[in-house]
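See structure below.
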Amino acid sequence: MKKIFVFSLLIFLSFYAFSQQPLYRYYNGKIKKHYYTINFNEFGNGGNGWALEGTACLVFSAEDRQKDIVPVFRYLNSQTGDHYYTIHRHILGDGANGYNLEGPGFYIFKIRGEGTRPLFEYYN
């Protein structure tokens with residue numbers, strides 16, 4: 001019985017761990033901007049002026065409100081090339097102040113838990 005429990009726990013933890021994926025960080029030196037995506041195929045190892053800086057962290061690919069996994073919304077200001085990432089959709093809604101909603105970019109824990117690191121939101 002103990003072996004079945006341990007095996008079941010390992011399967012659960014493996015599924016939980018594999019539901020995470022890398023958040024890729026890119027930098028464009030010409031426009032001095034960073035860009036974050038879970039879709040490696042957007043720029044691959046680099047392209048269109050974007051250089052891959054590596055994996056920023058691990059994030060989730062889907063929302064799960066029961067586990068407090070929430071979307072991080074990605075906005076783009078096409079005038080400046082700035083991206084703004086936030087879990088607080090009410091700030092810009094579907095778009096405001098020159099920013100247009102691109103949709104959920106990735107998903108994170110809403111509340112910091114053991115073994116996690118905070119992801120801070122800054123705006124300049």
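Here, A, B, ... name the chains of the structure tokens in the order displayed, residue numbers run from 1 inside each chain, and ligands are numbered from 1 in the same displayed order.
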
Long-range neighbours of A:Thr116 as a list in words, 10 Å cut-off, only C-alpha atoms, 5 positions minimum in chain: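 Returned residues: Leu58, Phe109 and Ile111 of chain A.
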
Close residues, A:Arg89 itself excluded, 10 Å, only C-alpha atoms, min 2 positions apart in chain, as a ChimeraX atom specification: /A:71-75,85-87,91-95,101,103-104

Output for the residues just chosen: all heavy atoms as a CSV table (one decimal), in the first residue's frame:
chain,number,residue,atom,x,y,z
A,71,PRO,N,-3.4,34.2,-15.0
A,71,PRO,CA,-2.8,34.7,-16.2
A,71,PRO,C,-2.0,36.0,-16.0
A,71,PRO,O,-2.3,36.8,-15.1
A,71,PRO,CB,-3.9,35.0,-17.2
A,71,PRO,CG,-5.1,35.2,-16.4
A,71,PRO,CD,-4.9,34.4,-15.1
A,72,VAL,N,-0.9,36.1,-16.7
A,72,VAL,CA,-0.1,37.4,-16.8
A,72,VAL,C,-0.4,37.9,-18.1
A,72,VAL,O,-0.1,37.3,-19.2
A,72,VAL,CB,1.4,37.2,-16.6
A,72,VAL,CG1,2.2,38.5,-16.8
A,72,VAL,CG2,1.7,36.6,-15.2
A,73,PHE,N,-1.1,39.1,-18.2
A,73,PHE,CA,-1.6,39.7,-19.4
A,73,PHE,C,-0.4,40.5,-20.0
A,73,PHE,O,0.3,41.2,-19.3
A,73,PHE,CB,-2.8,40.5,-19.2
A,73,PHE,CG,-4.0,39.8,-18.7
A,73,PHE,CD1,-4.3,39.8,-17.4
A,73,PHE,CD2,-4.7,39.0,-19.6
A,73,PHE,CE1,-5.4,39.0,-16.9
A,73,PHE,CE2,-5.8,38.2,-19.1
A,73,PHE,CZ,-6.1,38.3,-17.8
A,74,ARG,N,-0.3,40.3,-21.3
A,74,ARG,CA,0.8,41.0,-22.1
A,74,ARG,C,0.1,42.1,-22.9
A,74,ARG,O,-0.8,41.8,-23.7
A,74,ARG,CB,1.6,40.1,-22.9
A,74,ARG,CG,2.8,40.7,-23.6
A,74,ARG,CD,3.6,39.7,-24.3
A,74,ARG,NE,2.9,39.2,-25.5
A,74,ARG,CZ,3.3,38.0,-26.1
A,74,ARG,NH1,4.3,37.3,-25.6
A,74,ARG,NH2,2.6,37.6,-27.1
A,75,TYR,N,0.6,43.3,-22.7
A,75,TYR,CA,0.1,44.5,-23.5
A,75,TYR,C,1.3,45.0,-24.4
A,75,TYR,O,2.5,44.9,-23.9
A,75,TYR,CB,-0.3,45.6,-22.6
A,75,TYR,CG,-1.6,45.3,-21.8
A,75,TYR,CD1,-1.5,44.6,-20.6
A,75,TYR,CD2,-2.8,45.7,-22.3
A,75,TYR,CE1,-2.7,44.3,-19.9
A,75,TYR,CE2,-4.0,45.4,-21.6
A,75,TYR,CZ,-3.9,44.7,-20.4
A,75,TYR,OH,-5.1,44.4,-19.7
A,85,TYR,N,3.5,43.8,-18.7
A,85,TYR,CA,3.0,42.5,-18.2
A,85,TYR,C,2.4,42.7,-16.8
A,85,TYR,O,3.0,43.3,-15.9
A,85,TYR,CB,4.2,41.5,-18.1
A,85,TYR,CG,5.0,41.3,-19.3
A,85,TYR,CD1,6.0,42.2,-19.7
A,85,TYR,CD2,4.7,40.2,-20.2
A,85,TYR,CE1,6.7,42.0,-20.9
A,85,TYR,CE2,5.4,40.0,-21.4
A,85,TYR,CZ,6.4,40.9,-21.7
A,85,TYR,OH,7.0,40.7,-22.9
A,86,THR,N,1.2,42.2,-16.6
A,86,THR,CA,0.5,42.4,-15.3
A,86,THR,C,-0.5,41.3,-15.1
A,86,THR,O,-1.1,40.7,-16.1
A,86,THR,CB,-0.2,43.7,-15.3
A,86,THR,OG1,-0.8,43.9,-14.0
A,86,THR,CG2,-1.2,43.9,-16.3
A,87,ILE,N,-0.8,41.0,-13.8
A,87,ILE,CA,-1.9,40.1,-13.5
A,87,ILE,C,-3.2,40.9,-13.3
A,87,ILE,O,-4.2,40.3,-13.1
A,87,ILE,CB,-1.6,39.2,-12.3
A,87,ILE,CG1,-1.4,40.0,-11.0
A,87,ILE,CG2,-0.4,38.2,-12.6
A,87,ILE,CD1,-1.4,39.1,-9.8
A,91,ILE,N,-6.3,47.3,-14.7
A,91,ILE,CA,-5.5,48.5,-14.9
A,91,ILE,C,-5.6,49.0,-16.3
A,91,ILE,O,-5.9,50.2,-16.5
A,91,ILE,CB,-4.0,48.2,-14.6
A,91,ILE,CG1,-3.9,47.9,-13.1
A,91,ILE,CG2,-3.1,49.4,-15.0
A,91,ILE,CD1,-2.5,47.5,-12.7
A,92,LEU,N,-5.5,48.2,-17.3
A,92,LEU,CA,-5.6,48.6,-18.7
A,92,LEU,C,-6.7,48.0,-19.5
A,92,LEU,O,-6.9,48.3,-20.7
A,92,LEU,CB,-4.3,48.3,-19.5
A,92,LEU,CG,-3.0,49.1,-19.0
A,92,LEU,CD1,-1.8,48.6,-19.7
A,92,LEU,CD2,-3.2,50.6,-19.2
A,93,GLY,N,-7.4,47.0,-18.9
A,93,GLY,CA,-8.6,46.4,-19.5
A,93,GLY,C,-8.2,45.8,-20.9
A,93,GLY,O,-7.2,45.1,-20.9
A,94,ASP,N,-9.0,46.1,-21.9
A,94,ASP,CA,-8.6,45.5,-23.2
A,94,ASP,C,-7.6,46.4,-24.0
A,94,ASP,O,-7.2,46.1,-25.1
A,94,ASP,CB,-9.9,45.4,-24.1
A,94,ASP,CG,-10.8,44.2,-23.6
A,94,ASP,OD1,-10.2,43.3,-23.0
A,94,ASP,OD2,-12.0,44.3,-23.8
A,95,GLY,N,-7.2,47.5,-23.3
A,95,GLY,CA,-6.3,48.4,-23.9
A,95,GLY,C,-6.5,49.9,-23.4
A,95,GLY,O,-7.7,50.3,-23.3
A,101,LEU,N,-4.1,45.0,-25.6
A,101,LEU,CA,-4.0,43.7,-25.0
A,101,LEU,C,-3.6,42.7,-26.1
A,101,LEU,O,-4.3,42.6,-27.1
A,101,LEU,CB,-5.3,43.3,-24.3
A,101,LEU,CG,-5.4,42.0,-23.7
A,101,LEU,CD1,-4.4,41.8,-22.6
A,101,LEU,CD2,-6.8,41.7,-23.3
A,103,GLY,N,-3.1,39.5,-24.9
A,103,GLY,CA,-3.7,38.3,-24.4
A,103,GLY,C,-2.9,37.8,-23.2
A,103,GLY,O,-1.9,38.4,-22.8
A,104,PRO,N,-3.2,36.7,-22.6
A,104,PRO,CA,-2.4,36.1,-21.6
A,104,PRO,C,-1.1,35.6,-22.2
A,104,PRO,O,-1.0,34.9,-23.2
A,104,PRO,CB,-3.2,34.9,-21.1
A,104,PRO,CG,-4.6,35.0,-21.6
A,104,PRO,CD,-4.5,35.9,-22.9

Test item: residues at most 12 Å from A:Gly47, only C-alpha atoms, excluding those fewer than 4 positions along its chain, as a VMD selection string: chain A and resid 26 to 28 40 to 43 51 to 52

Selected residue, from A:Gly115, A:Lys30, A:Ala62, A:Tyr99, that lies nearest to A:Thr80 when counting only C-alpha atoms: A:Tyr99

Which residue of A:Tyr84, A:Lys33, A:Phe106, A:Trp50 approaches A:Val70 most closely, using only C-alpha atoms: A:Phe106

Near-A:Lys110 list (12 Å; only C-alpha atoms; drop same-chain fewer than 4 positions) as a ChimeraX atom specification: /A:59-60,63-72,86-88,116-120

Given the selection you just returned, output its residues as a file containing N, CA and C atoms, formatted as an mmCIF file, in the first residue's frame.
data_model
loop_
_atom_site.group_PDB
_atom_site.id
_atom_site.type_symbol
_atom_site.label_atom_id
_atom_site.label_comp_id
_atom_site.auth_asym_id
_atom_site.auth_seq_id
_atom_site.Cartn_x
_atom_site.Cartn_y
_atom_site.Cartn_z
ATOM 1 N N VAL A 59 7.311 28.986 -15.788
ATOM 2 C CA VAL A 59 5.943 29.465 -15.589
ATOM 3 C C VAL A 59 4.987 28.361 -16.033
ATOM 4 N N PHE A 60 3.712 28.620 -15.909
ATOM 5 C CA PHE A 60 2.715 27.644 -16.323
ATOM 6 C C PHE A 60 2.143 28.025 -17.680
ATOM 7 N N GLU A 63 -4.106 28.330 -17.044
ATOM 8 C CA GLU A 63 -4.677 28.850 -15.812
ATOM 9 C C GLU A 63 -5.277 27.703 -14.988
ATOM 10 N N ASP A 64 -5.168 27.815 -13.682
ATOM 11 C CA ASP A 64 -5.807 26.858 -12.775
ATOM 12 C C ASP A 64 -6.153 27.622 -11.504
ATOM 13 N N ARG A 65 -7.350 28.192 -11.467
ATOM 14 C CA ARG A 65 -7.771 29.032 -10.335
ATOM 15 C C ARG A 65 -7.786 28.256 -9.022
ATOM 16 N N GLN A 66 -8.037 26.943 -9.064
ATOM 17 C CA GLN A 66 -8.056 26.150 -7.836
ATOM 18 C C GLN A 66 -6.675 26.080 -7.194
ATOM 19 N N LYS A 67 -5.627 26.219 -7.993
ATOM 20 C CA LYS A 67 -4.255 26.206 -7.471
ATOM 21 C C LYS A 67 -3.675 27.614 -7.421
ATOM 22 N N ASP A 68 -4.525 28.630 -7.592
ATOM 23 C CA ASP A 68 -4.098 30.030 -7.607
ATOM 24 C C ASP A 68 -3.088 30.316 -8.719
ATOM 25 N N ILE A 69 -3.244 29.671 -9.868
ATOM 26 C CA ILE A 69 -2.420 29.944 -11.046
ATOM 27 C C ILE A 69 -3.238 30.865 -11.948
ATOM 28 N N VAL A 70 -2.729 32.066 -12.170
ATOM 29 C CA VAL A 70 -3.484 33.113 -12.865
ATOM 30 C C VAL A 70 -2.715 33.613 -14.090
ATOM 31 N N PRO A 71 -3.423 34.225 -15.038
ATOM 32 C CA PRO A 71 -2.750 34.732 -16.232
ATOM 33 C C PRO A 71 -1.957 36.008 -15.958
ATOM 34 N N VAL A 72 -0.861 36.123 -16.680
ATOM 35 C CA VAL A 72 -0.119 37.381 -16.763
ATOM 36 C C VAL A 72 -0.441 37.932 -18.143
ATOM 37 N N THR A 86 1.179 42.172 -16.600
ATOM 38 C CA THR A 86 0.497 42.359 -15.329
ATOM 39 C C THR A 86 -0.544 41.267 -15.098
ATOM 40 N N ILE A 87 -0.787 40.953 -13.836
ATOM 41 C CA ILE A 87 -1.901 40.059 -13.513
ATOM 42 C C ILE A 87 -3.167 40.877 -13.268
ATOM 43 N N HIS A 88 -3.023 42.194 -13.237
ATOM 44 C CA HIS A 88 -4.125 43.098 -12.918
ATOM 45 C C HIS A 88 -4.741 43.661 -14.197
ATOM 46 N N THR A 116 9.152 29.034 -4.469
ATOM 47 C CA THR A 116 8.944 29.910 -5.621
ATOM 48 C C THR A 116 9.659 31.238 -5.393
ATOM 49 N N ARG A 117 9.790 31.998 -6.457
ATOM 50 C CA ARG A 117 10.382 33.330 -6.385
ATOM 51 C C ARG A 117 9.368 34.343 -6.892
ATOM 52 N N PRO A 118 9.380 35.543 -6.336
ATOM 53 C CA PRO A 118 8.402 36.545 -6.788
ATOM 54 C C PRO A 118 8.739 37.067 -8.184
ATOM 55 N N LEU A 119 7.711 37.431 -8.907
ATOM 56 C CA LEU A 119 7.852 38.098 -10.198
ATOM 57 C C LEU A 119 7.260 39.486 -9.981
ATOM 58 N N PHE A 120 8.098 40.508 -10.037
ATOM 59 C CA PHE A 120 7.662 41.865 -9.736
ATOM 60 C C PHE A 120 7.173 42.582 -10.989
#

Picked from chain A by DSSP as strand (DSSP E), as number ranges by chain: A: 20-28, 33-37, 46-47, 50-60, 69-77, 82-86, 95-96, 99-109

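Going from atom CA of A:Gly113 to atom CA of A:His90 covers 24.2 Å.
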
DSSP-assigned helix (DSSP H, G or I) among stretch 49-119 of chain A, expressed as number ranges by chain: A: 65-67, 89-91

Atomic distance atom CA of A:Ala96 - atom CA of A:Tyr122, expressed in Å with one decimal: 17.0 Å

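Computed from the coordinates, the atom CA of A:Lys32 to atom CA of A:Gly81 distance equals 9.5 Å.
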
Long-range neighbours of A:Leu76 as a ChimeraX atom specification, 6 Å cut-off, only C-alpha atoms, 5 positions minimum in chain: /A:82-83,99-100

I need the chosen residues saved as a PDB file, in the first residue's frame, with C-alpha atoms.
ATOM      1  CA  ASP A  82       7.052  48.638 -24.930  1.00  0.00           C
ATOM      2  CA  HIS A  83       5.459  45.526 -23.498  1.00  0.00           C
ATOM      3  CA  TYR A  99      -1.324  49.819 -24.901  1.00  0.00           C
ATOM      4  CA  ASN A 100      -3.241  47.042 -26.645  1.00  0.00           C
TER       5      ASN A 100
END
